[in-house]
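Trainee: Supplied in C-alpha cells, the structure appears directly below.
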Amino acid sequence: MSANGSPTVRRRRLGAELRSLRRAAGMTSMQVAKHLLVSQPKISLIETGRRPINPRDVRDLCRLYGVSEPGVVDSLMRMAKESARQGWWVACGDVPYGVYIGLETEAAAIHSYEPLVVPGLLQTRAYAAAIIAESIPCPPVEQAAVRLDVRLRRQHRAHHPARPLRLWTILDESVLHRIIGNREVMREQLEHLNALGAQPHITVQVLPHSAGAHPGVTGQFSTLTFPDGDAGVVYLERFTGDLYVEKNADRRIYHIMYDHLQAQALNPIDSRYVIEDMIKTYTRAAPPSRVRPPAERAASMAGV
C-alpha cells in the first residue's frame, strides 16, 4: 500500500483550514453559501472533509475571506488538487466504509472497542470471508471476493515498515465465544490474534463477562488520531451508515469511555492467557449439538 497521504485526510485538513479562515473573517457558513450561490450543507460538507472542492473554488473562498498572501492561497489550492485524487480502494468498485478506509490509511493510532467480532485489521482470511459471506444484503460471489481483498489489503497499513499503525483493541469476551465460520476458523483466528498481540505496536485486551455493565454496552466505537496535530475523529460503525464524531467535547467523552474500558479489561498478559484457553477449547472435539436440525425443527412446528 502506498504511503502517500489519504485523500480523505487531505480533505479534512483543507476543510479545517477553510473553516478557520471563515471564522477569522467573521462569516457564517450560511453567509458564505449565499455569496457563492450554493447550499449551506455544501459548505459544511467541504469544511468537514466529506466533499471535495476544486482549486478555483478555494481561490474564490480565499478572496471572500480576505486572504491575499500568495503562499497561503497556493498551498490551499494545492491541497485541493491533491485531495481530488482517489484512494486505492475506489478502483475496487462498491466497497463499504470508503470514508473510514481513507482515515484509517493515514491514522497514526487507532483505539477500538469491539463487542461482537474481531476488528477487520486483525482478522484472518477465513474469518473475514465468513463474516462477509453473511453480510446483508448478501453480496454476489465476485463482490464478496473484492471486499475480502480490500479488507486484507487494508491490513498492510497496520504493519507498514516505516510507520506501523499503533493498534489498541479491547474485545468483549463474547467475541472469543461467538463461532464465526467454524471451530477451526476460530482456532486459527485466535492464534493469529495472540501472534499479533505479541508485536510491540499492537495491544489486545479482553473485557471479561465478570466486568458487568461498562461504558461499551452501547456498542462498537474506534478513536483515530493522526500525525501533524490533527484533532482526530471517533468512528461509530452502523448498519445503514457510519457516524463520525469530531466535536472536541464529544470526542473527549469517548476517550474517557475508553480509559474506563482499559481499566476494566484484563491486562494484555492475562488477556493472552484467556485467549490461549479458548484456543484449547476449539482444538478439542466439538461437544454434541443440542440444537435440532432445521428439518426436524420445521416438522415440529408443523405439528408432524
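Identifiers in this document derive from the order of the C-alpha cells: chains are assigned A, B, ..., residues are numbered from 1 separately in each chain, and ligands are numbered from 1 in order of occurrence.
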Could you go through segment 82-206 of chain A and tell me which residues DSSP, when run on the backbone, assigns to strand (DSSP E), listing them as number ranges by chain?
Mentor: A: 109-114, 166-172, 202-206
Trainee: Would you kindly return, as an NGL selection string, each protein, DNA or RNA residue with an atom no farther than 8 Å from any atom of Met278 of chain A, considering only C-alpha atoms and excluding same-chain residues fewer than 4 positions away?
Mentor: :A and (176-177 or 187 or 190 or 274 or 282)
Trainee: Using only C-alpha atoms, which residue out of A:Leu61, A:Ala107, A:Ala16, A:Val234 lies closest to Gln31 of chain A?
Mentor: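 For Gln31 of chain A, the nearest of the given residues is A:Leu61.
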Trainee: Return as a tab-separated table the residues of segment 13-123 of chain A lying at most 10 Å from segment 203-212 of chain A, together with the closest atom-to-atom pair for each and the distance in Å to one decimal, counting only C-alpha atoms, with rows in chain order and ascending residue number.
Mentor:
```
residue	atom	partner	partner_atom	distance
A:His111	CA	A:Thr203	CA	9.4
A:Ser112	CA	A:Val204	CA	9.9
A:Tyr113	CA	A:Leu207	CA	9.5
A:Glu114	CA	A:Leu207	CA	9.7
A:Pro115	CA	A:Leu207	CA	9.0
```
Trainee: Write the residues you've just listed into a file as a compact mmCIF listing (two decimals), in the first residue's frame, and include C-alpha atoms for each of them.
Mentor:
```
# COMPACT_ATOMS: atom_id res chain seq x y z
CA HIS A 111 -8.05 2.52 19.70
CA SER A 112 -11.10 0.32 19.22
CA TYR A 113 -13.71 -1.44 21.32
CA GLU A 114 -15.40 -4.44 19.67
CA PRO A 115 -18.31 -6.23 21.39
```
Trainee: List every residue of segment 35-174 of chain A that DSSP, applied to the backbone of this structure, assigns to helix (DSSP H, G or I), and report them as a ChimeraX atom specification.
Mentor: /A:35-36,40-47,55-64,70-83,88-92,98-106,120-122,125-133,141-158,174
Trainee: Leaving out Pro119 of chain A and any residue of its chain fewer than 2 positions from it, which residues lie within 12 Å of it when counting only C-alpha atoms, given as a ChimeraX atom specification?
Mentor: /A:110-117,121-124,127-128,131,151-152,154-155,167-172,175,189,193,204,220-222,237
Trainee: Quick one: residues within 12 Å of segment 50-56 of chain A, only C-alpha atoms counted, chain neighbours fewer than 6 positions away excluded, as a PyMOL selection string?
Mentor: chain A and resi 7-16+18+41-44+62-63+73-86+98-100+102-103+243-244
Trainee: Can you write just those residues out, N, CA, C and O atoms, as a compact mmCIF listing (two decimals), in the first residue's frame?
Mentor:
```txt
# COMPACT_ATOMS: atom_id res chain seq x y z
N PRO A 7 -6.54 10.81 0.48
CA PRO A 7 -7.31 11.97 0.04
C PRO A 7 -8.38 12.38 1.05
O PRO A 7 -8.72 13.55 1.16
N THR A 8 -8.91 11.41 1.79
CA THR A 8 -9.91 11.72 2.82
C THR A 8 -9.31 12.62 3.89
O THR A 8 -9.92 13.60 4.32
N VAL A 9 -8.11 12.29 4.33
CA VAL A 9 -7.45 13.09 5.36
C VAL A 9 -7.05 14.45 4.82
O VAL A 9 -7.17 15.47 5.51
N ARG A 10 -6.59 14.50 3.57
CA ARG A 10 -6.24 15.79 2.97
C ARG A 10 -7.45 16.71 2.90
O ARG A 10 -7.36 17.91 3.15
N ARG A 11 -8.62 16.13 2.56
CA ARG A 11 -9.84 16.95 2.52
C ARG A 11 -10.20 17.45 3.92
O ARG A 11 -10.66 18.57 4.09
N ARG A 12 -10.01 16.61 4.93
CA ARG A 12 -10.30 17.03 6.30
C ARG A 12 -9.42 18.21 6.70
O ARG A 12 -9.88 19.18 7.31
N ARG A 13 -8.15 18.12 6.36
CA ARG A 13 -7.21 19.19 6.74
C ARG A 13 -7.52 20.47 5.99
O ARG A 13 -7.48 21.57 6.56
N LEU A 14 -7.82 20.34 4.70
CA LEU A 14 -8.18 21.52 3.92
C LEU A 14 -9.46 22.14 4.47
O LEU A 14 -9.55 23.36 4.62
N GLY A 15 -10.45 21.31 4.76
CA GLY A 15 -11.71 21.81 5.30
C GLY A 15 -11.50 22.55 6.61
O GLY A 15 -12.13 23.60 6.85
N ALA A 16 -10.63 22.01 7.46
CA ALA A 16 -10.36 22.66 8.75
C ALA A 16 -9.71 24.03 8.54
O ALA A 16 -10.02 25.00 9.24
N LEU A 18 -10.05 25.98 5.85
CA LEU A 18 -11.06 26.89 5.31
C LEU A 18 -12.04 27.33 6.39
O LEU A 18 -12.49 28.48 6.40
N PRO A 41 -25.50 23.32 3.44
CA PRO A 41 -24.93 21.99 3.70
C PRO A 41 -23.67 21.70 2.87
O PRO A 41 -22.78 20.99 3.34
N LYS A 42 -23.59 22.25 1.65
CA LYS A 42 -22.39 22.03 0.84
C LYS A 42 -21.17 22.63 1.51
O LYS A 42 -20.10 22.01 1.54
N ILE A 43 -21.31 23.82 2.08
CA ILE A 43 -20.18 24.45 2.78
C ILE A 43 -19.78 23.60 3.98
O ILE A 43 -18.59 23.39 4.26
N SER A 44 -20.77 23.09 4.70
CA SER A 44 -20.49 22.25 5.87
C SER A 44 -19.77 20.98 5.47
O SER A 44 -18.82 20.54 6.15
N CYS A 62 -10.80 32.16 -0.64
CA CYS A 62 -9.70 32.96 -0.07
C CYS A 62 -9.95 34.46 -0.31
O CYS A 62 -9.72 35.29 0.57
N ARG A 63 -10.42 34.78 -1.51
CA ARG A 63 -10.74 36.19 -1.81
C ARG A 63 -11.86 36.67 -0.90
O ARG A 63 -11.81 37.79 -0.37
N VAL A 73 -2.53 31.00 -0.35
CA VAL A 73 -3.52 30.64 -1.36
C VAL A 73 -3.03 29.47 -2.20
O VAL A 73 -3.77 28.51 -2.45
N ASP A 74 -1.78 29.53 -2.63
CA ASP A 74 -1.22 28.45 -3.46
C ASP A 74 -1.19 27.13 -2.69
O ASP A 74 -1.47 26.07 -3.26
N SER A 75 -0.86 27.20 -1.41
CA SER A 75 -0.80 25.98 -0.61
C SER A 75 -2.18 25.34 -0.48
O SER A 75 -2.32 24.12 -0.62
N LEU A 76 -3.20 26.16 -0.24
CA LEU A 76 -4.56 25.63 -0.11
C LEU A 76 -5.07 25.08 -1.44
O LEU A 76 -5.74 24.04 -1.48
N MET A 77 -4.75 25.76 -2.54
CA MET A 77 -5.17 25.27 -3.86
C MET A 77 -4.48 23.95 -4.19
O MET A 77 -5.08 23.05 -4.79
N ARG A 78 -3.24 23.82 -3.77
CA ARG A 78 -2.51 22.56 -3.99
C ARG A 78 -3.14 21.43 -3.18
O ARG A 78 -3.27 20.29 -3.67
N MET A 79 -3.55 21.74 -1.95
CA MET A 79 -4.22 20.73 -1.13
C MET A 79 -5.53 20.29 -1.78
O MET A 79 -5.89 19.09 -1.76
N ALA A 80 -6.24 21.24 -2.39
CA ALA A 80 -7.49 20.90 -3.07
C ALA A 80 -7.24 19.98 -4.25
O ALA A 80 -7.97 19.01 -4.48
N LYS A 81 -6.18 20.24 -4.99
CA LYS A 81 -5.85 19.40 -6.15
C LYS A 81 -5.47 18.00 -5.70
O LYS A 81 -5.90 17.00 -6.30
N GLU A 82 -4.69 17.91 -4.63
CA GLU A 82 -4.26 16.59 -4.14
C GLU A 82 -5.43 15.82 -3.53
O GLU A 82 -5.50 14.60 -3.65
N SER A 83 -6.36 16.53 -2.90
CA SER A 83 -7.48 15.85 -2.25
C SER A 83 -8.48 15.28 -3.25
O SER A 83 -9.33 14.47 -2.90
N ALA A 84 -8.37 15.72 -4.51
CA ALA A 84 -9.28 15.21 -5.54
C ALA A 84 -8.83 13.83 -6.04
O ALA A 84 -9.60 13.14 -6.71
N ARG A 85 -7.62 13.44 -5.73
CA ARG A 85 -7.15 12.12 -6.14
C ARG A 85 -7.92 11.04 -5.40
O ARG A 85 -8.32 11.21 -4.26
N GLN A 86 -8.08 9.93 -6.06
CA GLN A 86 -8.85 8.84 -5.47
C GLN A 86 -7.94 7.88 -4.72
O GLN A 86 -6.80 7.63 -5.13
N GLY A 98 -15.83 3.42 2.65
CA GLY A 98 -14.73 4.07 1.93
C GLY A 98 -14.14 5.25 2.68
O GLY A 98 -12.92 5.43 2.69
N VAL A 99 -15.00 6.06 3.32
CA VAL A 99 -14.50 7.21 4.07
C VAL A 99 -13.62 6.74 5.22
O VAL A 99 -12.54 7.28 5.46
N TYR A 100 -14.08 5.69 5.91
CA TYR A 100 -13.29 5.19 7.03
C TYR A 100 -11.94 4.64 6.57
O TYR A 100 -10.91 4.86 7.23
N GLY A 102 -10.19 5.64 4.15
CA GLY A 102 -9.32 6.79 3.91
C GLY A 102 -8.71 7.33 5.19
O GLY A 102 -7.53 7.68 5.24
N LEU A 103 -9.51 7.39 6.26
CA LEU A 103 -9.00 7.86 7.54
C LEU A 103 -8.01 6.86 8.13
O LEU A 103 -6.95 7.24 8.66
N LEU A 243 -21.08 6.87 11.48
CA LEU A 243 -21.09 8.16 12.14
C LEU A 243 -19.66 8.56 12.48
O LEU A 243 -18.85 7.72 12.90
N TYR A 244 -19.36 9.84 12.31
CA TYR A 244 -18.03 10.36 12.61
C TYR A 244 -18.18 11.51 13.60
O TYR A 244 -18.81 12.53 13.30
```
Trainee: Could you name the residues that touch Arg251 of chain A at 10 Å or less, counting only C-alpha atoms, but leaving out those on the same chain fewer than 3 positions away, as a PyMOL selection string?
Mentor: chain A and resi 223+231-235+244-248+254-257
Trainee: Residues as selected, C-alpha atoms, written as a short mmCIF file (atom, residue, chain, number, x, y, z; two decimals), in the first residue's frame, can you do that?
Mentor:
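Below you can see again18.cif, which holds the result:
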```
data_model
loop_
_atom_site.label_atom_id
_atom_site.label_comp_id
_atom_site.auth_asym_id
_atom_site.auth_seq_id
_atom_site.Cartn_x
_atom_site.Cartn_y
_atom_site.Cartn_z
CA THR A 223 -10.91 6.59 18.06
CA ALA A 231 -7.60 16.60 16.22
CA GLY A 232 -8.71 13.09 15.31
CA VAL A 233 -12.14 11.52 14.98
CA VAL A 234 -14.36 8.92 16.66
CA TYR A 235 -15.84 6.32 14.30
CA TYR A 244 -18.03 10.36 12.61
CA VAL A 245 -17.77 12.32 15.86
CA GLU A 246 -15.48 15.34 15.57
CA LYS A 247 -16.58 17.89 18.17
CA ASN A 248 -13.95 18.19 20.89
CA TYR A 254 -15.33 8.67 24.07
CA HIS A 255 -11.72 8.97 25.21
CA ILE A 256 -12.91 8.85 28.83
CA MET A 257 -15.07 5.83 28.00
#
```
Trainee: Atom CA of Ile180 of chain A and atom CA of His159 of chain A are how many Å apart?
Mentor: 24.7 Å
Trainee: My list of candidates is A:Ala285, A:Arg252, A:Gly71, A:Gly216. Which is closest to Ala265 of chain A when distances are computed with only C-alpha atoms?
Mentor: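 Among the listed residues, A:Gly216 lies closest to Ala265 of chain A.
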Trainee: Mind checking which residues fall within 9 Å of Ala145 of chain A, counting only C-alpha atoms, ignoring those fewer than 4 positions away in the same chain, and posting them as a PyMOL selection string?
Mentor: chain A and resi 129+132+140-141+149-150
Trainee: Kindly give the distance, in Å, that separates atom CA of Ala25 of chain A and atom CA of Thr225 of chain A, rounded to a single decimal.
Mentor: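 Here the two named atoms are 28.7 Å from each other.
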Trainee: Report, in Å with one decimal, the straight-line distance from atom CA of Ala198 of chain A to atom CA of Arg163 of chain A.
Mentor: 17.6 Å
